[in-house]
Number of protein chains: 4
Amino acid sequence: MTEKIKIDDELFIGGREFNIIAGPCAVEDEQQMDAIGKFLNRLGVKIIRGGAFKPRTSPKSFQGLGMEGLRILKDIGEKYDLKVISEVMDPRDVEKAYDYVDIYQIGSRNMQNFTLLKEMGKTDKPILLKRGMSSTIDEWIQASEYISMEGNDQIIFCERGIRTFEDYTRNTLDLISVPIIQSRTKYPIIVDPSHGTGRKDLILPASKAALAIGANGLMIEIHPKPEEALSDGLQSLNFSEFEDLYEEISRMEKALKMNG
Amino acid sequence: MTEKIKIDDELFIGGREFNIIAGPCAVEDEQQMDAIGKFLNRLGVKIIRGGAFKPRTSPKSFQGLGMEGLRILKDIGEKYDLKVISEVMDPRDVEKAYDYVDIYQIGSRNMQNFTLLKEMGKTDKPILLKRGMSSTIDEWIQASEYISMEGNDQIIFCERGIRTFEDYTRNTLDLISVPIIQSRTKYPIIVDPSHGTGRKDLILPASKAALAIGANGLMIEIHPKPEEALSDGLQSLNFSEFEDLYEEISRMEKALKMNG
Amino acid sequence: MTEKIKIDDELFIGGREFNIIAGPCAVEDEQQMDAIGKFLNRLGVKIIRGGAFKPRTSPKSFQGLGMEGLRILKDIGEKYDLKVISEVMDPRDVEKAYDYVDIYQIGSRNMQNFTLLKEMGKTDKPILLKRGMSSTIDEWIQASEYISMEGNDQIIFCERGIRTFEDYTRNTLDLISVPIIQSRTKYPIIVDPSHGTGRKDLILPASKAALAIGANGLMIEIHPKPEEALSDGLQSLNFSEFEDLYEEISRMEKALKMNG
Amino acid sequence: MTEKIKIDDELFIGGREFNIIAGPCAVEDEQQMDAIGKFLNRLGVKIIRGGAFKPRTSPKSFQGLGMEGLRILKDIGEKYDLKVISEVMDPRDVEKAYDYVDIYQIGSRNMQNFTLLKEMGKTDKPILLKRGMSSTIDEWIQASEYISMEGNDQIIFCERGIRTFEDYTRNTLDLISVPIIQSRTKYPIIVDPSHGTGRKDLILPASKAALAIGANGLMIEIHPKPEEALSDGLQSLNFSEFEDLYEEISRMEKALKMNG
């Protein structure tokens with residue numbers, strides 16, 4: 001069993017816990033975030049995700065609200081009793097973001113941004129380390145050592161799919177990385193089926209498989225109106241779709257626990 | 001829900017059924033097959049796999065027993081009440097093998113062997129179509145049309161992993177192909193975690209994920225003494241390991257059915 | 001230096017020779033082939049390619065003229081003094097095609113069709129072995145051993161690109177396979193920039209690189225009217241484009257020979 | 001023809017120029033660099049490469065000499081009249097490194113480190129942008145726009161191979177990216193056959209192909225004693241091997257120019 005990463009006194013990732021994290025790809029404005037926060041709180045979700053610094057392939061795409069986005073996230077987190085996870089891309093922002101996030105995220109493009117890994121390794125906050133889009137599992141584990149060598153071993157791996165020739169899905173979700181990471185490190189690993197598949201209709205089956213293979217949680221993109229989202233609309237669930245998924249996965253989790 | 005492919009009056013693949021097929025990579029001799037047949041019968045397994053014609057990367061590797069292997073398979077199948085699945089590689093062998101197998105297998109290397117696909121499409125036996133090791137899902141579906149256009153639509157897809165840069169596992173098991181095949185065709189799909197991972201310790205977690213994502217079954221390599229197997233020893237389970245897996249997957253199947 | 005494969009008393013592939021093979025993806029009719037044959041003969045090309053049996057992803061695509069295509073090819077070859085290369089996919093066609101082709105081709109999808117490899121290995125004709133679309137160089141070399149073990153070592157390798165995540169080109173032309181094949185086997189290797197890139201504008205630069213890296217020749221798709229071709233129109237050169245390429249590559253070949 | 005990037009009043013990359021850049025993977029000490037600088041100066045090489053900040057997969061590997069390495073590089077550059085290219089990984093080091101390098105390098109792992117791209121885009125020095133190890137050509141071009149949007153359009157692309165299933169070579173050198181970058185941007189592109197192949201014996205053939213396909217130069221790893229190098233020894237040429245390559249490529253360049 002993996003170690004438990006403490007998020008607060010009553011909230012952990014790892015061990016026997018199964019956490020479902022949700023939120024929009026990008027923090028767009030207060031109204032959007034308020035609607036999401038309220039919805040997640042009602043469902044019982046404990047952790048909200050939201051991108052403030054957005055790494056986008058093109059400089060012409062929406063780049064996120066930056067620090068203003070983090071402020072909105074934190075407000076919503078406090079208002080609705082949600083812990084906050086958000087990506088930081090610039091080592092100079094690690095300190096600035098410290099008071100706004102409960103879990104730092106290192107995005108796929110930055111898995112081998114060693115400067116950033118070391119800077120976060122100096123903090124005392126949990127770090128979600130996404131797999132690089134073409135990184136081997138070995139490289140991923142070695143990247144985590146840049147964090148732990150600085151003294152921080154509150155690491156949470158996140159499988160989000162790898163790049164292959166298959167083009168029906170956005171990425172190929174390599175679910176077998178879950179038991180491999182769990183046996184070769186002491187850290188928990190969650191699965192991101194939103195980026196891992198890139199298609200709304202595949203998020204539920206991918207989530208079931210992630211739960212069954214032993215993942216320590218899920219991270220899922222939602223949006224009040226996916227068709228109007230500033231990014232990743234195609235892979236974002238609306239509230240009703242997410243509620244269905246949340247209930248189905250929760251039922252399945254219970255059934256598997258009683259069984260196992 | 002997928003169509004049910006009839007194997008005999010009481011045995012189907014597809015629909016709500018979940019079948020676990022097992023057997024050795026290669027049929028080696030009668031003694032090996034008798035031990036396996038007896039064991040599978042005791043467990044309640046209904047279908048045995050075993051390679052008689054073995055497609056091997058090198059011509060110097062063991063190429064299988066050929067027709068003699070099929071004869072052994074058929075005898076064991078009759079003795080232990082097991083249906084038989086085996087690969088045929090040469091279109092000229094399709095007719096010869098007809099009386100010996102209950103399900104033809106088309107191997108990964110032959111997914112686009114259109115001559116072979118058409119030849120099997122002319123028979124009235126079910127056909128297990130493995131995914132090519134670098135084939136897209138679209139290509140795989142189109143390959144199946146070479147079979148159905150000849151009049152045979154007793155097709156069973158089999159996901160067995162694709163080729164990527166990741167080298168810790170033998171292949172990258174693309175489990176998301178399961179719901180894609182089920183939504184884009186009417187056919188069932190099973191998963192081969194033995195080739196899909198290439199490592200004994202990953203077969204159980206991969207099998208759980210396959211069940212949870214909705215696969216119609218599993219095909220697993222076993223061997224009385226994997227360390228002495230003429231091929232694929234590293235990924236073959238011994239009897240005790242397979243029995244554990246069989247029971248755990250069966251329990252999980254029941255738990256999920258009661259839940260869902 | 002590689003061995004020379006004898007095509008006829010005065011024509012060889014390998015050694016210090018550099019051959020440019022050209023022709024349409026598919027033999028469509030006599031008129032098309034006559035125009036191409038006449039054109040190639042005028043330029044000084046010695047070998048014509050043309051597909052009679054076409055392996056197509058979908059059974060609904062044009063499948064080639066079959067034996068009738070081979071008859072047309074042979075007639076054109078005799079009329080215009082061109083040697084003929086054509087693919088055979090079915091082991092039962094190897095013997096039938098024997099009198100019609102000077103060089104058998106094994107296509108990418110059939111690189112590991114061991115039945116076919118062995119059947120051709122029993123003949124005394126040269127065999128062009130295309131690389132499988134996701135085969136490693138090791139697997140390719142081992143596939144060639146299925147031919148040579150039957151007694152035929154008139155093998156010509158053909159690099160045609162491999163499957164990667166890059167989608168601007170149809171395949172990723174792995175030119176470094178040229179010196180690897182030449183150092184690890186005794187056989188010549190030619191390059192197919194038409195399938196290797198899938199784009200007309202990239203065929204000339206790819207051909208120059210192939211010549212410079214030491215390939216023993218090129219195989220290029222041409223068509224009198226690429227926009228009306230029954231297959232692969234996007235990557236086929238018209239006569240004027242091919243003539244420019246032929247002259248530029250021939251000049252470069254001379255310049256490099258004088259230099260080296 | 002691409003634009004010419006001015007390195008100094010008499011030195012350009014791009015246009016009709018063909019530059020061969022050489023140097024060690026990592027700056028190890030003054031003695032090593034003095035030997036290399038003297039050697040390159042004697043041959044007529046104009047630009048030396050050398051890593052001071054080394055992005056290494058494992059934090060336990062040699063991480064480079066940092067600023068001390070840059071100081072050594074600059075001294076050697078001045079002593080032997082060589083322009084200096086070196087990688088910077090941390091946006092906070094861009095300014096610090098400014099006085100020490102003539103060309104900034106952005107390494108493969110940092111191709112989508114947008115923070116770093118923007119920081120360098122604010123300087124007035126040329127930037128060598130290596131292709132990400134699994135980046136598409138589109139993504140690479142879009143990454144360059146993060147630089148040019150800040151006002152710096154002295155961009156030099158560098159193809160260094162992509163990640164595929166082929167494991168005989170370290171990467172698959174995608175040489176066709178050369179004409180694609182040249183037609184879709186106005187910038188020059190050079191080729192790194194050292195990382196692109198990972199094997200000494202393949203560097204010369206890869207270099208010939210790069211020249212023939214129209215690359216604007218090469219960047220090659222050399223070391224006085226490759227077997228003692230602190231990193232990348234297997235792919236580094238010793239002085240005598242590099243001298244042979246330098247002469248052969250220069251002869252070929254002349255032959256092609258006279259021809260074309």
# chains A, B, ... in the order shown; residues from 1 in each chain; ligands from 1
call {"tool": "interface_residues", "arguments": {"of": "chain C", "to": "chain D", "cutoff": "7 Å", "atoms": "only C-alpha atoms", "output": "list of chain:residue names"}}
result
C:Thr136, C:Thr164, C:Glu166, C:Thr172, C:Leu173, C:Asp174, C:Ile176, C:Pro205, C:Ala206, C:Lys208, C:Ala209, C:Ala210, C:Ala212, C:Ile213, C:Met252, C:Ala255, C:Leu256, C:Asn259
call {"tool": "residues_around", "arguments": {"residues": "A:Glu28", "least_positions_apart": "6", "cutoff": "8 Å", "atoms": "only C-alpha atoms", "output": "list of chain:residue names"}}
result
A:Gly64, A:Leu65, A:Gly69, A:Leu230
call {"tool": "atom_distance", "arguments": {"atom1": "atom CA of D:Asn41", "atom2": "atom CA of D:Tyr80"}}
result
5.9 Å
call {"tool": "residues_around", "arguments": {"residues": "stretch 143-155 of chain B", "least_positions_apart": "4", "cutoff": "6 Å", "atoms": "only C-alpha atoms", "output": "PDB file with C-alpha atoms, in the first residue's frame"}}
result
ATOM      1  CA  ILE B   5     -21.098 -14.896 -30.455  1.00  0.00           C
ATOM      2  CA  LEU B 117      -8.946 -12.666 -43.335  1.00  0.00           C
ATOM      3  CA  LYS B 118     -10.960 -13.407 -46.438  1.00  0.00           C
ATOM      4  CA  GLY B 121     -14.440 -15.089 -43.589  1.00  0.00           C
ATOM      5  CA  LYS B 122     -15.682 -17.895 -45.839  1.00  0.00           C
ATOM      6  CA  PRO B 126     -16.048 -17.649 -34.801  1.00  0.00           C
ATOM      7  CA  ILE B 127     -12.832 -15.675 -35.371  1.00  0.00           C
TER       8      ILE B 127
ATOM      9  CA  PRO C  59     -12.118  -3.963 -48.301  1.00  0.00           C
TER      10      PRO C  59
END
call {"tool": "select_by_dssp", "arguments": {"residues": "stretch 41-235 of chain D", "states": "strand (DSSP E or B)", "output": "ChimeraX atom specification"}}
result
/D:47-49,51,83-87,103-106,127-130,155-159,162,172,189-191,217-222
call {"tool": "atom_distance", "arguments": {"atom1": "atom CA of C:Lys225", "atom2": "atom CA of C:Ile76"}}
result
18.5 Å
call {"tool": "residues_around", "arguments": {"residues": "B:Asp34", "least_positions_apart": "6", "cutoff": "10 Å", "atoms": "only C-alpha atoms", "output": "mmCIF file with N, CA and C atoms, in the first residue's frame"}}
result
data_model
loop_
_atom_site.group_PDB
_atom_site.id
_atom_site.type_symbol
_atom_site.label_atom_id
_atom_site.label_comp_id
_atom_site.auth_asym_id
_atom_site.auth_seq_id
_atom_site.Cartn_x
_atom_site.Cartn_y
_atom_site.Cartn_z
ATOM 1 N N LEU B 40 -7.801 -26.723 -16.021
ATOM 2 C CA LEU B 40 -8.806 -25.739 -16.437
ATOM 3 C C LEU B 40 -10.218 -26.275 -16.229
ATOM 4 N N ILE B 72 -3.483 -32.592 -30.863
ATOM 5 C CA ILE B 72 -3.389 -32.694 -29.394
ATOM 6 C C ILE B 72 -4.444 -31.803 -28.739
ATOM 7 N N LEU B 73 -4.533 -30.579 -29.221
ATOM 8 C CA LEU B 73 -5.502 -29.628 -28.675
ATOM 9 C C LEU B 73 -6.924 -30.184 -28.715
ATOM 10 N N ASP B 75 -7.949 -33.287 -28.952
ATOM 11 C CA ASP B 75 -8.111 -34.411 -28.027
ATOM 12 C C ASP B 75 -8.337 -33.920 -26.602
ATOM 13 N N ILE B 76 -7.510 -32.989 -26.193
ATOM 14 C CA ILE B 76 -7.614 -32.471 -24.825
ATOM 15 C C ILE B 76 -8.944 -31.756 -24.637
ATOM 16 N N GLY B 77 -9.331 -31.018 -25.671
ATOM 17 C CA GLY B 77 -10.616 -30.311 -25.595
ATOM 18 C C GLY B 77 -11.770 -31.278 -25.386
ATOM 19 N N LYS B 79 -11.550 -34.383 -24.230
ATOM 20 C CA LYS B 79 -11.394 -35.102 -22.962
ATOM 21 C C LYS B 79 -11.886 -34.273 -21.783
ATOM 22 N N TYR B 80 -11.598 -32.952 -21.813
ATOM 23 C CA TYR B 80 -11.912 -32.118 -20.645
ATOM 24 C C TYR B 80 -13.039 -31.120 -20.912
#
call {"tool": "atom_distance", "arguments": {"atom1": "atom CA of C:Tyr187", "atom2": "atom CA of C:Val88"}}
result
20.9 Å
call {"tool": "closest_residue", "arguments": {"among": "A:Lys4, A:Lys46, A:Lys130, A:Arg109", "to": "A:Ala22", "atoms": "only C-alpha atoms"}}
result
A:Lys46
call {"tool": "select_by_dssp", "arguments": {"residues": "stretch 180-252 of chain D", "states": "alpha helix (DSSP H)", "output": "count of residues only"}}
result
34
